[in-house]
Amino acid sequence: MKKVIAIVLMAALLFSLTGCSLFMKTVEVTCTCPGCLAAAGKQDQASDVEYKKLETSAKSGVDCSKLPADKSSIVKLYTDVANATKAANEQTVDIIAEGAKIQVGAIIVDETGKELAPSLMPTANKLIDQFSPKPEEYTCAFSGGTDANGNKTGDGDVRTPKNTLPAWEQDYMCEIADDMVKDAQAEELSDGYWKITIVLNDAQCEMTDPKVTPDTPHAHCMGTVQAKDLLTDFGGNGTIYYADLTYKDSAIVAVIDPVSGYLVQLHTSLFIYGDAKMDVKLMSIGNVTASLEKTTFINTYNWTKIA
């Protein structure tokens with residue numbers, strides 16, 4: 001029994017994703033798989049997270065004279081508006097970060113090839129919830145490149161648009177090409193804002209080196225799982241050394257103010273599946289493989305002022 005408890009505990013640590021740049025608050029959001037997006041087409045919000053009217057007299061310079069209709073034009077419009085928004089010198093944005101809502105399908109002890117008993121899986125999921133990063137909600141008032149509200153990243157750095165807004169640690173918010181996109185739709189909302197929905201192509205992401213996060217379309221437009229956050233050592237008791245992940249049906253849903261050419265809301269949904277392996281040194285358990293069912297990594301950004 002002690003060995004089983006140790007396996008469950010280490011599996012919980014395995015998927016806690018300690019160190020992710022943003023930790024998120026749990027909110028009710030609209031599912032962003034293609035089927036759900038189509039069903040939700042009549043809704044006037046990008047997600048179930050409400051937005052406020054954007055206060056701004058500034059203009060981004062992006063041409064929003066006509067609502068785009070084809071995929072290429074929609075992707076270009078969103079890219080231009082998103083990048084102009086990230087580059088704005090003065091902006092106030094409310095951030096709701098949910099982190100990783102983790103679902104483990106099976107835990108296998110490699111030595112025996114047997115799964116953890118189904119009766120123990122609820123306990124495993126409870127432990128995973130306990131060890132996962134807590135949700136976080138905060139407001140950044142970026143002025144001259146730094147947050148006047150004093151919010152810090154998980155590494156203790158002062159928040160800037162570059163390390164807070166997607167794509168993390170990049171000067172751009174979005175850099176995607178047409179061939180990275182499965183579907184793109186645009187519509188005008190009842191309040192005059194435009195809603196853009198972009199579903200990205202599925203992508204496989206194999207991690208073997210904590211210093212190297214494989215490139216995917218998702219990393220060019222949203223917060224994603226970093227290799228250094230997953231491939232790690234837990235106090236000498238275990239080492240995660242491999243992860244084979246798939247990002248599937250992930251999407252960007254954005255509300256744009258066509259008058260100013262800036263974002264009002266951005267909602268990004270990363271859906272993760274796959275397997276991860278670790279060597280559990282505790283009690284000489286050895287190698288363990290855990291499979292991920294639908295795990296979500298969701299961020300929502302609501303702008304209230306841009307100057």
# chains A, B, ... in the order shown; residues from 1 in each chain; ligands from 1
>>> residues_around(residues="Asn201 in chain A", least_positions_apart="5", cutoff="9 Å", atoms="only C-alpha atoms", output="PDB file with all heavy atoms, in the first residue's frame")
ATOM      1  N   ASP A 179      -1.435  28.332 -43.041  1.00  0.00           N
ATOM      2  CA  ASP A 179      -1.319  26.879 -42.981  1.00  0.00           C
ATOM      3  C   ASP A 179      -1.226  26.343 -41.556  1.00  0.00           C
ATOM      4  O   ASP A 179      -1.143  25.140 -41.344  1.00  0.00           O
ATOM      5  CB  ASP A 179      -0.123  26.395 -43.807  1.00  0.00           C
ATOM      6  CG  ASP A 179       1.206  26.972 -43.346  1.00  0.00           C
ATOM      7  OD1 ASP A 179       1.233  27.702 -42.329  1.00  0.00           O
ATOM      8  OD2 ASP A 179       2.230  26.700 -44.007  1.00  0.00           O
ATOM      9  N   MET A 180      -1.232  27.226 -40.550  1.00  0.00           N
ATOM     10  CA  MET A 180      -1.291  26.803 -39.151  1.00  0.00           C
ATOM     11  C   MET A 180      -2.728  26.743 -38.629  1.00  0.00           C
ATOM     12  O   MET A 180      -2.962  26.306 -37.507  1.00  0.00           O
ATOM     13  CB  MET A 180      -0.506  27.777 -38.269  1.00  0.00           C
ATOM     14  CG  MET A 180       0.975  27.880 -38.566  1.00  0.00           C
ATOM     15  SD  MET A 180       1.733  29.096 -37.447  1.00  0.00           S
ATOM     16  CE  MET A 180       3.456  29.018 -37.977  1.00  0.00           C
ATOM     17  N   VAL A 181      -3.676  27.192 -39.477  1.00  0.00           N
ATOM     18  CA  VAL A 181      -5.048  27.405 -39.024  1.00  0.00           C
ATOM     19  C   VAL A 181      -6.001  26.401 -39.665  1.00  0.00           C
ATOM     20  O   VAL A 181      -6.010  26.218 -40.884  1.00  0.00           O
ATOM     21  CB  VAL A 181      -5.495  28.844 -39.356  1.00  0.00           C
ATOM     22  CG1 VAL A 181      -6.967  29.047 -39.041  1.00  0.00           C
ATOM     23  CG2 VAL A 181      -4.633  29.841 -38.598  1.00  0.00           C
ATOM     24  N   LYS A 182      -6.820  25.761 -38.831  1.00  0.00           N
ATOM     25  CA  LYS A 182      -7.831  24.821 -39.317  1.00  0.00           C
ATOM     26  C   LYS A 182      -9.084  25.550 -39.778  1.00  0.00           C
ATOM     27  O   LYS A 182      -9.699  25.192 -40.794  1.00  0.00           O
ATOM     28  CB  LYS A 182      -8.187  23.838 -38.205  1.00  0.00           C
ATOM     29  CG  LYS A 182      -9.198  22.774 -38.589  1.00  0.00           C
ATOM     30  CD  LYS A 182      -9.570  21.888 -37.386  1.00  0.00           C
ATOM     31  CE  LYS A 182      -8.363  21.184 -36.805  1.00  0.00           C
ATOM     32  NZ  LYS A 182      -8.746  20.265 -35.697  1.00  0.00           N
ATOM     33  N   ASP A 183      -9.487  26.581 -39.016  1.00  0.00           N
ATOM     34  CA  ASP A 183     -10.713  27.295 -39.346  1.00  0.00           C
ATOM     35  C   ASP A 183     -10.643  28.700 -38.769  1.00  0.00           C
ATOM     36  O   ASP A 183     -10.010  28.930 -37.728  1.00  0.00           O
ATOM     37  CB  ASP A 183     -11.930  26.555 -38.767  1.00  0.00           C
ATOM     38  CG  ASP A 183     -13.245  27.197 -39.180  1.00  0.00           C
ATOM     39  OD1 ASP A 183     -13.373  27.546 -40.364  1.00  0.00           O
ATOM     40  OD2 ASP A 183     -14.127  27.353 -38.319  1.00  0.00           O
ATOM     41  N   PRO A 217       2.363  25.809 -33.674  1.00  0.00           N
ATOM     42  CA  PRO A 217       1.614  27.034 -33.992  1.00  0.00           C
ATOM     43  C   PRO A 217       1.088  27.727 -32.741  1.00  0.00           C
ATOM     44  O   PRO A 217       1.011  28.956 -32.679  1.00  0.00           O
ATOM     45  CB  PRO A 217       0.471  26.516 -34.871  1.00  0.00           C
ATOM     46  CG  PRO A 217       0.999  25.267 -35.486  1.00  0.00           C
ATOM     47  CD  PRO A 217       1.868  24.649 -34.433  1.00  0.00           C
ATOM     48  N   HIS A 218       0.748  26.934 -31.716  1.00  0.00           N
ATOM     49  CA  HIS A 218       0.164  27.462 -30.486  1.00  0.00           C
ATOM     50  C   HIS A 218       1.113  28.412 -29.759  1.00  0.00           C
ATOM     51  O   HIS A 218       0.678  29.404 -29.171  1.00  0.00           O
ATOM     52  CB  HIS A 218      -0.242  26.303 -29.576  1.00  0.00           C
ATOM     53  CG  HIS A 218      -1.084  25.279 -30.265  1.00  0.00           C
ATOM     54  ND1 HIS A 218      -0.566  24.440 -31.238  1.00  0.00           N
ATOM     55  CD2 HIS A 218      -2.396  24.971 -30.154  1.00  0.00           C
ATOM     56  CE1 HIS A 218      -1.538  23.656 -31.694  1.00  0.00           C
ATOM     57  NE2 HIS A 218      -2.654  23.961 -31.055  1.00  0.00           N
ATOM     58  N   TYR A 247      -1.596  18.778 -28.893  1.00  0.00           N
ATOM     59  CA  TYR A 247      -2.506  19.906 -28.743  1.00  0.00           C
ATOM     60  C   TYR A 247      -3.595  19.733 -29.794  1.00  0.00           C
ATOM     61  O   TYR A 247      -3.318  19.689 -30.988  1.00  0.00           O
ATOM     62  CB  TYR A 247      -1.779  21.225 -28.958  1.00  0.00           C
ATOM     63  CG  TYR A 247      -0.632  21.474 -28.008  1.00  0.00           C
ATOM     64  CD1 TYR A 247       0.425  22.310 -28.371  1.00  0.00           C
ATOM     65  CD2 TYR A 247      -0.592  20.881 -26.746  1.00  0.00           C
ATOM     66  CE1 TYR A 247       1.475  22.557 -27.495  1.00  0.00           C
ATOM     67  CE2 TYR A 247       0.457  21.116 -25.872  1.00  0.00           C
ATOM     68  CZ  TYR A 247       1.494  21.952 -26.249  1.00  0.00           C
ATOM     69  OH  TYR A 247       2.536  22.195 -25.395  1.00  0.00           O
ATOM     70  N   LYS A 248      -4.848  19.656 -29.344  1.00  0.00           N
ATOM     71  CA  LYS A 248      -5.941  19.317 -30.262  1.00  0.00           C
ATOM     72  C   LYS A 248      -7.115  20.285 -30.090  1.00  0.00           C
ATOM     73  O   LYS A 248      -7.522  20.577 -28.967  1.00  0.00           O
ATOM     74  CB  LYS A 248      -6.405  17.881 -29.986  1.00  0.00           C
ATOM     75  CG  LYS A 248      -7.459  17.356 -30.950  1.00  0.00           C
ATOM     76  CD  LYS A 248      -7.763  15.893 -30.650  1.00  0.00           C
ATOM     77  CE  LYS A 248      -8.868  15.355 -31.544  1.00  0.00           C
ATOM     78  NZ  LYS A 248      -8.485  15.367 -32.970  1.00  0.00           N
ATOM     79  N   ASP A 249      -7.648  20.778 -31.222  1.00  0.00           N
ATOM     80  CA  ASP A 249      -8.828  21.647 -31.237  1.00  0.00           C
ATOM     81  C   ASP A 249      -8.654  22.888 -30.370  1.00  0.00           C
ATOM     82  O   ASP A 249      -9.609  23.359 -29.738  1.00  0.00           O
ATOM     83  CB  ASP A 249     -10.078  20.875 -30.787  1.00  0.00           C
ATOM     84  CG  ASP A 249     -10.475  19.801 -31.785  1.00  0.00           C
ATOM     85  OD1 ASP A 249     -10.140  19.957 -32.971  1.00  0.00           O
ATOM     86  OD2 ASP A 249     -11.105  18.810 -31.376  1.00  0.00           O
ATOM     87  N   SER A 250      -7.452  23.431 -30.311  1.00  0.00           N
ATOM     88  CA  SER A 250      -7.186  24.636 -29.517  1.00  0.00           C
ATOM     89  C   SER A 250      -7.558  25.875 -30.329  1.00  0.00           C
ATOM     90  O   SER A 250      -7.492  25.874 -31.554  1.00  0.00           O
ATOM     91  CB  SER A 250      -5.718  24.681 -29.120  1.00  0.00           C
ATOM     92  OG  SER A 250      -5.392  23.551 -28.316  1.00  0.00           O
TER      93      SER A 250
END
>>> residues_around(residues="range 259-276 of chain A", least_positions_apart="2", cutoff="6 Å", atoms="only C-alpha atoms", output="compact mmCIF listing (two decimals) with C-alpha atoms, in the first residue's frame")
# COMPACT_ATOMS: atom_id res chain seq x y z
CA LYS A 59 -6.03 54.45 -33.01
CA SER A 60 -3.93 51.37 -33.73
CA VAL A 62 -5.01 48.77 -38.42
CA VAL A 81 -4.81 44.02 -34.21
CA THR A 85 -2.49 45.96 -28.89
CA TYR A 242 9.95 12.63 -21.28
CA ALA A 243 6.59 13.94 -22.44
CA ASP A 244 4.74 13.24 -25.68
CA LEU A 245 1.87 15.73 -25.89
CA THR A 246 -0.77 16.52 -28.50
CA TYR A 247 -2.51 19.91 -28.74
CA LYS A 248 -5.94 19.32 -30.26
CA SER A 250 -7.19 24.64 -29.52
CA ALA A 251 -8.49 28.09 -30.34
CA ILE A 252 -8.29 31.87 -30.06
CA VAL A 253 -11.54 33.77 -29.54
CA ALA A 254 -11.13 37.55 -29.65
CA VAL A 255 -13.33 40.63 -29.45
CA ILE A 256 -12.06 43.60 -31.49
CA ASP A 257 -13.09 47.26 -31.37
CA THR A 289 3.97 6.31 -17.33
CA ALA A 290 0.88 8.48 -16.97
CA SER A 291 -1.60 9.29 -19.73
CA LEU A 292 -3.38 12.61 -20.03
CA GLU A 293 -7.01 12.85 -21.02
CA LYS A 294 -8.42 16.26 -21.97
CA THR A 295 -6.36 18.77 -19.96
CA THR A 296 -7.07 22.47 -20.43
CA PHE A 297 -4.78 25.48 -20.24
CA ILE A 298 -6.91 28.60 -20.56
CA ASN A 299 -6.18 32.34 -20.35
CA THR A 300 -8.53 35.30 -20.67
CA TYR A 301 -7.44 38.93 -21.12
CA ASN A 302 -9.87 41.84 -20.86
CA TRP A 303 -8.66 45.31 -21.86
>>> select_by_dssp(residues="range 46-262 of chain A", states="alpha helix (DSSP H)", output="PyMOL selection string")
chain A and resi 71-87+121-131+161-164+227-230
>>> atom_distance(atom1="CA of Ala82 in chain A", atom2="CA of Lys162 in chain A")
12.8 Å
